[in-house]
file coords13.cif (mmCIF, C-alpha atoms)
data_run
loop_
_atom_site.group_PDB
_atom_site.id
_atom_site.type_symbol
_atom_site.label_atom_id
_atom_site.label_comp_id
_atom_site.auth_asym_id
_atom_site.auth_seq_id
_atom_site.Cartn_x
_atom_site.Cartn_y
_atom_site.Cartn_z
ATOM 1 C CA MET A 1 82.707 204.919 156.853
ATOM 2 C CA ALA A 2 81.967 202.011 158.943
ATOM 3 C CA THR A 3 79.488 200.870 156.403
ATOM 4 C CA LEU A 4 81.994 201.379 153.706
ATOM 5 C CA SER A 5 84.497 199.174 155.382
ATOM 6 C CA VAL A 6 81.822 196.487 155.861
ATOM 7 C CA LYS A 7 81.090 196.730 152.149
ATOM 8 C CA VAL A 8 84.785 196.423 151.370
ATOM 9 C CA ILE A 9 85.087 193.527 153.764
ATOM 10 C CA ASP A 10 82.006 191.893 152.250
ATOM 11 C CA ARG A 11 83.368 192.398 148.754
ATOM 12 C CA SER A 12 86.775 191.135 149.829
ATOM 13 C CA CYS A 13 85.229 188.064 151.410
ATOM 14 C CA LEU A 14 83.072 187.520 148.353
ATOM 15 C CA GLY A 15 86.194 187.901 146.187
ATOM 16 C CA VAL A 16 88.044 185.391 148.368
ATOM 17 C CA VAL A 17 85.088 182.965 148.166
ATOM 18 C CA ILE A 18 84.886 183.398 144.399
ATOM 19 C CA LEU A 19 88.648 183.044 144.057
ATOM 20 C CA THR A 20 88.600 179.966 146.297
ATOM 21 C CA PHE A 21 85.694 178.564 144.296
ATOM 22 C CA LEU A 22 87.539 179.230 141.044
ATOM 23 C CA LEU A 23 90.764 177.693 142.355
ATOM 24 C CA CYS A 24 88.918 174.615 143.620
ATOM 25 C CA GLY A 25 87.059 174.351 140.295
ATOM 26 C CA TYR A 26 90.320 174.739 138.372
ATOM 27 C CA TRP A 27 91.943 172.112 140.553
ATOM 28 C CA LEU A 28 88.995 169.707 140.095
ATOM 29 C CA VAL A 29 88.826 170.277 136.337
ATOM 30 C CA GLY A 30 92.616 169.971 136.022
ATOM 31 C CA HIS A 31 92.603 166.785 138.082
ATOM 32 C CA GLY A 32 89.706 165.405 135.998
ATOM 33 C CA LEU A 33 91.491 166.264 132.734
ATOM 34 C CA LYS A 34 94.669 164.669 134.038
ATOM 35 C CA GLN A 35 92.751 161.517 134.992
ATOM 36 C CA GLU A 36 91.052 161.456 131.571
ATOM 37 C CA ARG A 37 94.419 161.843 129.803
ATOM 38 C CA LEU A 38 95.861 158.967 131.880
ATOM 39 C CA PHE A 39 92.752 156.906 131.115
ATOM 40 C CA ARG A 40 93.179 157.551 127.349
ATOM 41 C CA GLN A 41 96.868 156.650 127.531
ATOM 42 C CA GLU A 42 96.095 153.403 129.342
ATOM 43 C CA LYS A 43 93.283 152.648 126.889
ATOM 44 C CA ASP A 44 95.638 153.224 123.947
ATOM 45 C CA LEU A 45 98.281 151.066 125.608
ATOM 46 C CA LEU A 46 95.753 148.270 126.169
ATOM 47 C CA ALA A 47 94.576 148.525 122.552
ATOM 48 C CA LYS A 48 98.187 148.287 121.357
ATOM 49 C CA GLN A 49 98.817 145.298 123.625
ATOM 50 C CA LEU A 50 95.630 143.654 122.330
ATOM 51 C CA ASN A 51 96.776 144.188 118.734
ATOM 52 C CA ASP A 52 100.214 142.820 119.611
ATOM 53 C CA THR A 53 98.574 139.793 121.228
ATOM 54 C CA LYS A 54 96.424 139.171 118.142
ATOM 55 C CA LEU A 55 99.491 139.523 115.927
ATOM 56 C CA ALA A 56 101.401 137.101 118.138
ATOM 57 C CA GLU A 57 98.518 134.606 117.960
ATOM 58 C CA MET A 58 98.477 134.885 114.169
ATOM 59 C CA ASN A 59 102.236 134.347 114.082
ATOM 60 C CA ILE A 60 101.867 131.308 116.333
ATOM 61 C CA GLN A 61 99.201 129.902 114.005
ATOM 62 C CA ARG A 62 101.465 130.480 110.983
ATOM 63 C CA LEU A 63 104.358 128.890 112.843
ATOM 64 C CA LYS A 64 102.223 125.878 113.746
ATOM 65 C CA ALA A 65 101.088 125.541 110.123
ATOM 66 C CA SER A 66 104.640 125.770 108.799
ATOM 67 C CA THR A 67 105.835 123.316 111.469
ATOM 68 C CA LYS A 68 103.086 120.915 110.424
ATOM 69 C CA ALA A 69 104.043 121.313 106.747
ATOM 70 C CA ILE A 70 107.711 120.699 107.550
ATOM 71 C CA THR A 71 106.769 117.676 109.663
ATOM 72 C CA ASN A 72 104.732 116.317 106.750
ATOM 73 C CA GLN A 73 107.636 116.888 104.367
ATOM 74 C CA LEU A 74 110.009 115.188 106.777
ATOM 75 C CA SER A 75 107.716 112.191 107.181
ATOM 76 C CA ASN A 76 107.395 111.975 103.381
ATOM 77 C CA LEU A 77 111.182 112.048 103.066
ATOM 78 C CA ASN A 78 111.516 109.428 105.800
ATOM 79 C CA ARG A 79 109.040 107.271 103.888
ATOM 80 C CA GLN A 80 110.844 107.861 100.576
ATOM 81 C CA ILE A 81 114.316 107.290 102.039
ATOM 82 C CA PRO A 82 114.138 104.075 104.061
ATOM 83 C CA GLU A 83 116.743 102.922 106.596
ATOM 84 C CA ASP A 84 117.108 99.558 104.874
ATOM 85 C CA ALA A 85 118.342 99.612 101.291
ATOM 86 C CA GLU A 86 115.965 96.880 100.113
ATOM 87 C CA ILE A 87 117.691 97.108 96.727
ATOM 88 C CA GLY A 88 116.435 93.657 95.714
ATOM 89 C CA THR A 89 112.828 94.761 96.241
ATOM 90 C CA PHE A 90 113.496 98.000 94.371
ATOM 91 C CA LEU A 91 115.144 96.154 91.447
ATOM 92 C CA ARG A 92 112.147 93.804 91.194
ATOM 93 C CA GLN A 93 109.855 96.850 91.217
ATOM 94 C CA LEU A 94 112.008 98.443 88.511
ATOM 95 C CA ASP A 95 111.869 95.261 86.423
ATOM 96 C CA GLY A 96 108.068 95.249 86.789
ATOM 97 C CA LEU A 97 107.901 98.873 85.555
ATOM 98 C CA VAL A 98 110.067 97.983 82.550
ATOM 99 C CA LYS A 99 107.824 95.014 81.673
ATOM 100 C CA LYS A 100 104.676 97.082 82.236
ATOM 101 C CA ARG A 101 105.801 99.600 79.607
ATOM 102 C CA GLY A 102 106.821 96.908 77.097
ATOM 103 C CA VAL A 103 110.444 98.007 77.109
ATOM 104 C CA VAL A 104 113.340 95.581 76.594
ATOM 105 C CA LEU A 105 115.792 95.633 79.503
ATOM 106 C CA VAL A 106 119.351 95.506 78.168
ATOM 107 C CA SER A 107 121.183 95.810 81.494
ATOM 108 C CA MET A 108 120.648 96.820 85.108
ATOM 109 C CA GLN A 109 123.804 97.430 87.143
ATOM 110 C CA PRO A 110 123.723 98.602 90.759
ATOM 111 C CA GLN A 111 126.896 100.531 91.559
ATOM 112 C CA PRO A 112 128.695 100.797 94.925
ATOM 113 C CA ALA A 113 126.970 103.035 97.456
ATOM 114 C CA VAL A 114 128.326 106.536 98.015
ATOM 115 C CA LYS A 115 128.222 107.644 101.667
ATOM 116 C CA GLU A 116 127.100 111.143 102.490
ATOM 117 C CA LYS A 117 126.669 112.721 105.918
ATOM 118 C CA LEU A 118 123.133 111.494 106.698
ATOM 119 C CA TYR A 119 122.409 109.074 103.872
ATOM 120 C CA GLN A 120 123.870 106.855 101.180
ATOM 121 C CA LYS A 121 123.361 107.200 97.438
ATOM 122 C CA ILE A 122 123.164 103.972 95.477
ATOM 123 C CA PRO A 123 123.641 104.587 91.740
ATOM 124 C CA ILE A 124 121.877 102.147 89.441
ATOM 125 C CA ARG A 125 122.740 102.149 85.756
ATOM 126 C CA LEU A 126 119.860 101.061 83.579
ATOM 127 C CA SER A 127 119.922 100.442 79.835
ATOM 128 C CA CYS A 128 116.771 99.572 77.924
ATOM 129 C CA LYS A 129 115.336 99.940 74.451
ATOM 130 C CA GLY A 130 111.889 100.521 73.127
ATOM 131 C CA PRO A 131 109.634 103.184 71.647
ATOM 132 C CA PHE A 132 110.371 106.709 72.818
ATOM 133 C CA VAL A 133 106.903 107.125 74.338
ATOM 134 C CA SER A 134 107.324 103.928 76.394
ATOM 135 C CA LEU A 135 110.734 105.083 77.613
ATOM 136 C CA TYR A 136 109.254 108.457 78.552
ATOM 137 C CA TYR A 137 106.459 106.789 80.532
ATOM 138 C CA LEU A 138 109.023 104.522 82.199
ATOM 139 C CA LEU A 139 110.862 107.616 83.444
ATOM 140 C CA GLN A 140 107.563 109.030 84.739
ATOM 141 C CA ASP A 141 106.863 105.719 86.482
ATOM 142 C CA LEU A 142 110.292 105.904 88.137
ATOM 143 C CA ASP A 143 109.492 109.400 89.351
ATOM 144 C CA ALA A 144 106.147 108.224 90.754
ATOM 145 C CA THR A 145 107.578 105.377 92.851
ATOM 146 C CA ASP A 146 107.391 105.510 96.630
ATOM 147 C CA ARG A 147 111.175 105.970 96.882
ATOM 148 C CA LEU A 148 113.180 109.117 96.324
ATOM 149 C CA ILE A 149 114.900 108.646 92.975
ATOM 150 C CA ILE A 150 116.986 111.239 91.172
ATOM 151 C CA VAL A 151 118.102 110.845 87.580
ATOM 152 C CA GLU A 152 121.807 111.629 87.584
ATOM 153 C CA LYS A 153 122.708 110.938 83.956
ATOM 154 C CA MET A 154 120.533 110.183 80.976
ATOM 155 C CA ALA A 155 121.198 109.576 77.312
ATOM 156 C CA ILE A 156 118.664 108.647 74.661
ATOM 157 C CA GLY A 157 119.795 107.486 71.267
ATOM 158 C CA LYS A 158 117.958 106.381 68.166
ATOM 159 C CA LEU A 159 118.357 102.754 67.045
ATOM 160 C CA GLU A 160 118.319 101.596 63.439
ATOM 161 C CA GLN A 161 115.000 99.852 64.029
ATOM 162 C CA GLN A 162 111.942 101.896 63.109
ATOM 163 C CA GLY A 163 110.746 104.022 66.074
ATOM 164 C CA ARG A 164 113.072 102.417 68.641
ATOM 165 C CA CYS A 165 115.348 104.272 71.044
ATOM 166 C CA LEU A 166 118.050 103.240 73.474
ATOM 167 C CA LEU A 167 117.826 104.747 76.960
ATOM 168 C CA ASP A 168 120.922 104.752 79.143
ATOM 169 C CA VAL A 169 120.162 106.263 82.534
ATOM 170 C CA THR A 170 121.845 106.369 85.927
ATOM 171 C CA VAL A 171 119.431 106.874 88.801
ATOM 172 C CA LEU A 172 120.292 107.531 92.431
ATOM 173 C CA VAL A 173 118.386 105.641 95.106
ATOM 174 C CA PHE A 174 118.775 106.961 98.637
ATOM 175 C CA VAL A 175 119.101 105.095 101.946
ATOM 176 C CA ARG A 176 119.250 106.704 105.397
ATOM 177 C CA GLU A 177 122.186 105.929 107.649
ATOM 178 C CA SER A 178 120.962 103.596 110.356
ATOM 179 C CA GLN A 179 121.329 104.665 113.980
ATOM 180 C CA LEU A 180 123.675 101.738 114.665
ATOM 181 C CA SER A 181 126.200 102.871 112.065
ATOM 182 C CA LYS A 182 126.151 106.397 113.544
ATOM 183 C CA VAL A 183 127.069 105.045 116.983
ATOM 184 C CA ARG A 184 130.067 103.052 115.728
#
call {"tool": "encode", "arguments": {"input": "coords13.cif", "output": "structure tokens"}}
result
Amino acid sequence: MATLSVKVIDRSCLGVVILTFLLCGYWLVGHGLKQERLFRQEKDLLAKQLNDTKLAEMNIQRLKASTKAITNQLSNLNRQIPEDAEIGTFLRQLDGLVKKRGVVLVSMQPQPAVKEKLYQKIPIRLSCKGPFVSLYYLLQDLDATDRLIIVEKMAIGKLEQQGRCLLDVTVLVFVRESQLSKVR
């Protein structure tokens, strides 16, 4: 019996060793799996943050491009809407366009300026006669000037002369409010 109890003790000890080995192995494998899961979560989080960063950089580039486009538009408007009216210079330019197209100027009447919040509109009533094609090109020339001009009213009528038309147009020329007038 003594040998039997040694066998039982040996088996029990071997069972305890095996059980301890299995528990330690389970603990190590569980710990390793837990670490791997945390590593994957952190990797996924970093990948998401990297994608978010790339998206933010793309948005910044788009924002910079749109800001540049808006700045260009604003500078074009500032160039087209001067602070000084320079109506005399504009009227001479307008007279040159009329002569260039071979159109007869009937009348040119600047009207009183209309104040708006940030700018003034100066209406100019222009009457001229000539061939329809010349009048059409005159309107295109007005549109192509370096100032912002909007046609407010326009009427074209046929004259009794062969191929002649009468153009009566009111154009708006814009002038920015100067900084001095804003202070007052």
call {"tool": "closest_residue", "arguments": {"input": "coords13.cif", "among": "A:Phe174, A:Phe39, A:Tyr136, A:Phe90", "to": "Ile122 (chain A)", "atoms": "only C-alpha atoms"}}
result
A:Phe174
call {"tool": "atom_distance", "arguments": {"input": "coords13.cif", "atom1": "CA of Trp27 (chain A)", "atom2": "CA of Val8 (chain A)"}}
result
27.6 Å
call {"tool": "residues_around", "arguments": {"input": "coords13.cif", "residues": "Tyr137 (chain A)", "least_positions_apart": "2", "cutoff": "12 Å", "atoms": "only C-alpha atoms", "output": "JSON list (two decimals) with C-alpha atoms, in the frame of the given file"}}
result
[["chain", "number", "residue", "atom", "x", "y", "z"],
["A", 97, "LEU", "CA", 107.90, 98.87, 85.56],
["A", 98, "VAL", "CA", 110.07, 97.98, 82.55],
["A", 99, "LYS", "CA", 107.82, 95.01, 81.67],
["A", 100, "LYS", "CA", 104.68, 97.08, 82.24],
["A", 101, "ARG", "CA", 105.80, 99.60, 79.61],
["A", 102, "GLY", "CA", 106.82, 96.91, 77.10],
["A", 103, "VAL", "CA", 110.44, 98.01, 77.11],
["A", 130, "GLY", "CA", 111.89, 100.52, 73.13],
["A", 131, "PRO", "CA", 109.63, 103.18, 71.65],
["A", 132, "PHE", "CA", 110.37, 106.71, 72.82],
["A", 133, "VAL", "CA", 106.90, 107.12, 74.34],
["A", 134, "SER", "CA", 107.32, 103.93, 76.39],
["A", 135, "LEU", "CA", 110.73, 105.08, 77.61],
["A", 139, "LEU", "CA", 110.86, 107.62, 83.44],
["A", 140, "GLN", "CA", 107.56, 109.03, 84.74],
["A", 141, "ASP", "CA", 106.86, 105.72, 86.48],
["A", 142, "LEU", "CA", 110.29, 105.90, 88.14],
["A", 143, "ASP", "CA", 109.49, 109.40, 89.35],
["A", 144, "ALA", "CA", 106.15, 108.22, 90.75]]
call {"tool": "closest_residue", "arguments": {"input": "coords13.cif", "among": "A:Cys24, A:Leu46, A:Val169, A:Val16", "to": "Lys129 (chain A)", "atoms": "only C-alpha atoms"}}
result
A:Val169
call {"tool": "closest_residue", "arguments": {"input": "coords13.cif", "among": "A:Ser12, A:Gln35, A:Thr170, A:Asn51", "to": "Pro110 (chain A)", "atoms": "only C-alpha atoms"}}
result
A:Thr170
call {"tool": "residues_around", "arguments": {"input": "coords13.cif", "residues": "Glu177 (chain A)", "least_positions_apart": "5", "cutoff": "10 Å", "atoms": "all atoms listed in the file", "output": "JSON, numbers by chain"}}
result
{"A": [81, 82, 83, 84, 85, 115, 116, 117, 118, 119, 120, 182]}
call {"tool": "closest_residue", "arguments": {"input": "coords13.cif", "among": "A:Lys64, A:Lys48, A:Arg79, A:Lys153", "to": "Arg125 (chain A)", "atoms": "all atoms listed in the file"}}
result
A:Lys153
call {"tool": "atom_distance", "arguments": {"input": "coords13.cif", "atom1": "CA of Cys128 (chain A)", "atom2": "CA of Gln162 (chain A)"}}
result
15.8 Å
